[in-house]
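Below is start_17.cif, holding mmCIF, C-alpha atoms.
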data_entry
loop_
_atom_site.label_atom_id
_atom_site.label_comp_id
_atom_site.auth_asym_id
_atom_site.auth_seq_id
_atom_site.Cartn_x
_atom_site.Cartn_y
_atom_site.Cartn_z
CA MET O 742 99.55 106.15 64.35
CA THR O 743 95.86 106.92 64.38
CA LYS O 744 94.12 108.37 67.38
CA THR O 745 91.97 105.26 67.87
CA SER O 746 94.93 102.88 67.93
CA GLU O 747 96.75 105.18 70.36
CA LEU O 748 93.75 105.19 72.70
CA GLU O 749 93.50 101.42 72.43
CA ARG O 750 97.20 101.08 73.30
CA GLN O 751 96.76 103.36 76.31
CA ARG O 752 93.73 101.39 77.46
CA GLU O 753 95.63 98.10 77.25
CA GLN O 754 98.58 99.61 79.14
CA ARG O 755 96.28 100.87 81.89
CA ARG O 756 94.60 97.46 82.11
CA ARG O 757 98.01 95.76 82.53
CA GLU O 758 98.94 98.25 85.28
CA LEU O 759 95.68 97.70 87.17
CA THR O 760 95.95 93.93 86.85
CA TYR O 761 99.52 94.04 88.14
CA MET O 762 98.47 96.10 91.18
CA ARG O 763 95.57 93.73 91.93
CA ASP O 764 97.81 90.66 91.61
CA TRP O 765 100.46 92.31 93.81
CA ILE O 766 97.89 92.94 96.56
CA HIS O 767 96.80 89.29 96.36
CA SER O 768 100.37 88.01 96.52
CA HIS O 769 101.49 90.37 99.34
CA PRO O 770 98.54 90.49 101.78
CA HIS O 771 100.81 91.31 104.73
CA ARG O 772 101.97 94.53 103.02
CA VAL O 773 98.46 96.00 102.75
CA ASP O 774 96.24 97.17 105.61
CA PRO O 775 93.66 94.40 106.16
CA GLU O 776 90.83 96.93 106.48
CA VAL O 777 91.69 98.63 103.19
CA ARG O 778 92.59 95.51 101.20
CA PRO O 779 89.04 94.42 100.17
CA ALA O 780 88.09 97.95 99.10
CA ALA O 781 91.31 98.31 97.10
CA ILE O 782 90.72 95.01 95.32
CA ASP O 783 87.10 95.95 94.55
CA PHE O 784 88.23 99.34 93.24
CA LEU O 785 90.82 97.73 90.97
CA ASN O 786 88.34 95.12 89.74
CA ASN O 787 85.79 97.84 88.94
CA SER O 788 88.41 99.87 87.10
CA ILE O 789 89.43 96.82 85.05
CA ALA O 790 85.77 96.07 84.25
CA GLU O 791 85.25 99.63 83.03
CA LEU O 792 88.22 99.26 80.70
CA ASP O 793 86.76 96.05 79.31
CA GLU O 794 83.58 97.93 78.33
CA PRO O 795 84.60 101.18 76.63
CA SER O 796 80.95 102.17 76.13
CA LYS O 797 80.66 102.71 79.89
CA MET O 798 83.54 105.17 79.95
CA LYS O 799 81.61 108.40 79.66
CA ASN O 800 83.33 111.76 79.70
CA THR O 801 86.83 110.30 79.82
CA ARG O 802 89.47 112.15 77.91
CA ARG O 803 91.88 109.25 77.64
CA ALA O 804 91.12 105.56 77.73
CA GLY O 805 91.36 104.16 81.25
CA ARG O 806 91.48 107.56 82.92
CA MET O 807 88.50 108.42 85.06
CA SER O 808 87.95 111.88 86.44
CA LEU O 809 88.85 112.41 90.07
CA ARG O 810 85.18 112.89 90.92
CA ASP O 811 84.23 109.53 89.38
CA ARG O 812 87.12 107.70 91.04
CA LEU O 813 86.24 109.13 94.45
CA ARG O 814 82.56 108.33 93.95
CA THR O 815 83.44 104.71 93.10
CA LEU O 816 85.83 104.38 96.05
CA VAL O 817 83.30 105.84 98.52
CA ALA O 818 80.58 103.54 97.19
CA VAL O 819 82.82 100.50 97.66
CA ILE O 820 83.75 101.53 101.21
CA VAL O 821 80.15 102.26 102.19
CA ALA O 822 78.95 98.95 100.73
CA GLN O 823 81.72 97.13 102.56
CA ASN O 824 80.82 98.81 105.86
CA LEU O 825 77.14 97.98 105.41
CA THR O 826 77.89 94.28 104.88
CA ALA O 827 80.48 94.19 107.67
CA GLY O 828 78.07 95.75 110.16
CA LYS O 829 75.55 92.92 109.86
#
Once more with this new file: its structure as structure tokens, please.
Amino acid sequence: MTKTSELERQREQRRRELTYMRDWIHSHPHRVDPEVRPAAIDFLNNSIAELDEPSKMKNTRRAGRMSLRDRLRTLVAVIVAQNLTAGK
């Protein structure tokens, strides 16, 4: 198996996992904290969108795997944006 096909397979697997988690949150809203639910869904949607555009995945070692710093930056940005819109 070539390296490119292996990375593609990993990216598709990660996309399926993220989609499953997003769909689970939608189908079980009572099992997720209502304050965290929108941020979690936004985070998952952003992660799926990044997988759909591999050119945006800079400095990733494996397809679908963001560095901890990038994941935290994305999560904080989503939470801050949500708080700014909720405060109005």
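Here atom CA of O:Arg756 is placed at a distance of 11.2 Å from atom CA of O:Asn787.
Take atom CA of O:Asn786 and atom CA of O:Leu813: the distance between them is 14.9 Å.
With atom CA of O:Ile789 on one side and atom CA of O:Arg755 on the other, the separation reads 8.6 Å.
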Step by step, work through what the PyMOL selection byres ((chain O and resi 766) around 12) selects in the shown file, and finish by giving those residues as a PDB file with C-alpha atoms, in the coordinates of the input.
ATOM      1  CA  LEU O 759      95.680  97.700  87.170  1.00  0.00           C
ATOM      2  CA  THR O 760      95.950  93.930  86.850  1.00  0.00           C
ATOM      3  CA  TYR O 761      99.520  94.040  88.140  1.00  0.00           C
ATOM      4  CA  MET O 762      98.470  96.100  91.180  1.00  0.00           C
ATOM      5  CA  ARG O 763      95.570  93.730  91.930  1.00  0.00           C
ATOM      6  CA  ASP O 764      97.810  90.660  91.610  1.00  0.00           C
ATOM      7  CA  TRP O 765     100.460  92.310  93.810  1.00  0.00           C
ATOM      8  CA  HIS O 767      96.800  89.290  96.360  1.00  0.00           C
ATOM      9  CA  SER O 768     100.370  88.010  96.520  1.00  0.00           C
ATOM     10  CA  HIS O 769     101.490  90.370  99.340  1.00  0.00           C
ATOM     11  CA  PRO O 770      98.540  90.490 101.780  1.00  0.00           C
ATOM     12  CA  HIS O 771     100.810  91.310 104.730  1.00  0.00           C
ATOM     13  CA  ARG O 772     101.970  94.530 103.020  1.00  0.00           C
ATOM     14  CA  VAL O 773      98.460  96.000 102.750  1.00  0.00           C
ATOM     15  CA  ASP O 774      96.240  97.170 105.610  1.00  0.00           C
ATOM     16  CA  PRO O 775      93.660  94.400 106.160  1.00  0.00           C
ATOM     17  CA  VAL O 777      91.690  98.630 103.190  1.00  0.00           C
ATOM     18  CA  ARG O 778      92.590  95.510 101.200  1.00  0.00           C
ATOM     19  CA  PRO O 779      89.040  94.420 100.170  1.00  0.00           C
ATOM     20  CA  ALA O 780      88.090  97.950  99.100  1.00  0.00           C
ATOM     21  CA  ALA O 781      91.310  98.310  97.100  1.00  0.00           C
ATOM     22  CA  ILE O 782      90.720  95.010  95.320  1.00  0.00           C
ATOM     23  CA  ASP O 783      87.100  95.950  94.550  1.00  0.00           C
ATOM     24  CA  LEU O 785      90.820  97.730  90.970  1.00  0.00           C
ATOM     25  CA  ASN O 786      88.340  95.120  89.740  1.00  0.00           C
TER      26      ASN O 786
END
Where atoms are missing, can you supply N, CA, C and O atoms for stretch 772-786 of chain O and output the lot as a PDB file, in the frame of the given file?
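Result written to selection.pdb:
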ATOM      1  N   ARG O 772     101.463  93.187 103.301  1.00  0.00           N
ATOM      2  CA  ARG O 772     101.970  94.530 103.020  1.00  0.00           C
ATOM      3  C   ARG O 772     100.862  95.562 102.867  1.00  0.00           C
ATOM      4  O   ARG O 772     101.124  96.740 102.681  1.00  0.00           O
ATOM      5  N   VAL O 773      99.606  95.111 102.933  1.00  0.00           N
ATOM      6  CA  VAL O 773      98.460  96.000 102.750  1.00  0.00           C
ATOM      7  C   VAL O 773      97.597  95.943 104.004  1.00  0.00           C
ATOM      8  O   VAL O 773      97.384  94.870 104.565  1.00  0.00           O
ATOM      9  N   ASP O 774      97.110  97.096 104.427  1.00  0.00           N
ATOM     10  CA  ASP O 774      96.240  97.170 105.610  1.00  0.00           C
ATOM     11  C   ASP O 774      95.024  96.265 105.396  1.00  0.00           C
ATOM     12  O   ASP O 774      94.324  96.378 104.395  1.00  0.00           O
ATOM     13  N   PRO O 775      94.764  95.343 106.332  1.00  0.00           N
ATOM     14  CA  PRO O 775      93.660  94.400 106.160  1.00  0.00           C
ATOM     15  C   PRO O 775      92.293  95.060 106.018  1.00  0.00           C
ATOM     16  O   PRO O 775      91.395  94.513 105.374  1.00  0.00           O
ATOM     17  N   GLU O 776      92.121  96.247 106.593  1.00  0.00           N
ATOM     18  CA  GLU O 776      90.830  96.930 106.480  1.00  0.00           C
ATOM     19  C   GLU O 776      90.658  97.583 105.112  1.00  0.00           C
ATOM     20  O   GLU O 776      89.534  97.757 104.643  1.00  0.00           O
ATOM     21  N   VAL O 777      91.748  97.940 104.475  1.00  0.00           N
ATOM     22  CA  VAL O 777      91.690  98.630 103.190  1.00  0.00           C
ATOM     23  C   VAL O 777      91.764  97.642 102.024  1.00  0.00           C
ATOM     24  O   VAL O 777      91.264  97.924 100.935  1.00  0.00           O
ATOM     25  N   ARG O 778      92.331  96.485 102.261  1.00  0.00           N
ATOM     26  CA  ARG O 778      92.590  95.510 101.200  1.00  0.00           C
ATOM     27  C   ARG O 778      91.347  95.143 100.382  1.00  0.00           C
ATOM     28  O   ARG O 778      91.387  95.210  99.143  1.00  0.00           O
ATOM     29  N   PRO O 779      90.215  94.775 100.994  1.00  0.00           N
ATOM     30  CA  PRO O 779      89.040  94.420 100.170  1.00  0.00           C
ATOM     31  C   PRO O 779      88.548  95.589  99.311  1.00  0.00           C
ATOM     32  O   PRO O 779      88.173  95.392  98.159  1.00  0.00           O
ATOM     33  N   ALA O 780      88.551  96.790  99.871  1.00  0.00           N
ATOM     34  CA  ALA O 780      88.090  97.950  99.100  1.00  0.00           C
ATOM     35  C   ALA O 780      89.042  98.238  97.939  1.00  0.00           C
ATOM     36  O   ALA O 780      88.596  98.587  96.845  1.00  0.00           O
ATOM     37  N   ALA O 781      90.332  98.074  98.169  1.00  0.00           N
ATOM     38  CA  ALA O 781      91.310  98.310  97.100  1.00  0.00           C
ATOM     39  C   ALA O 781      91.126  97.296  95.977  1.00  0.00           C
ATOM     40  O   ALA O 781      91.160  97.660  94.794  1.00  0.00           O
ATOM     41  N   ILE O 782      90.920  96.045  96.340  1.00  0.00           N
ATOM     42  CA  ILE O 782      90.720  95.010  95.320  1.00  0.00           C
ATOM     43  C   ILE O 782      89.441  95.262  94.540  1.00  0.00           C
ATOM     44  O   ILE O 782      89.416  95.158  93.307  1.00  0.00           O
ATOM     45  N   ASP O 783      88.364  95.638  95.233  1.00  0.00           N
ATOM     46  CA  ASP O 783      87.100  95.950  94.550  1.00  0.00           C
ATOM     47  C   ASP O 783      87.277  97.135  93.609  1.00  0.00           C
ATOM     48  O   ASP O 783      86.763  97.135  92.484  1.00  0.00           O
ATOM     49  N   PHE O 784      87.989  98.155  94.071  1.00  0.00           N
ATOM     50  CA  PHE O 784      88.230  99.340  93.240  1.00  0.00           C
ATOM     51  C   PHE O 784      88.993  98.961  91.974  1.00  0.00           C
ATOM     52  O   PHE O 784      88.636  99.383  90.866  1.00  0.00           O
ATOM     53  N   LEU O 785      90.037  98.144  92.135  1.00  0.00           N
ATOM     54  CA  LEU O 785      90.820  97.730  90.970  1.00  0.00           C
ATOM     55  C   LEU O 785      89.991  96.864  90.029  1.00  0.00           C
ATOM     56  O   LEU O 785      90.061  97.030  88.807  1.00  0.00           O
ATOM     57  N   ASN O 786      89.195  95.961  90.584  1.00  0.00           N
ATOM     58  CA  ASN O 786      88.340  95.120  89.740  1.00  0.00           C
ATOM     59  C   ASN O 786      87.331  95.960  88.967  1.00  0.00           C
ATOM     60  O   ASN O 786      87.065  95.709  87.787  1.00  0.00           O
TER      61      ASN O 786
END
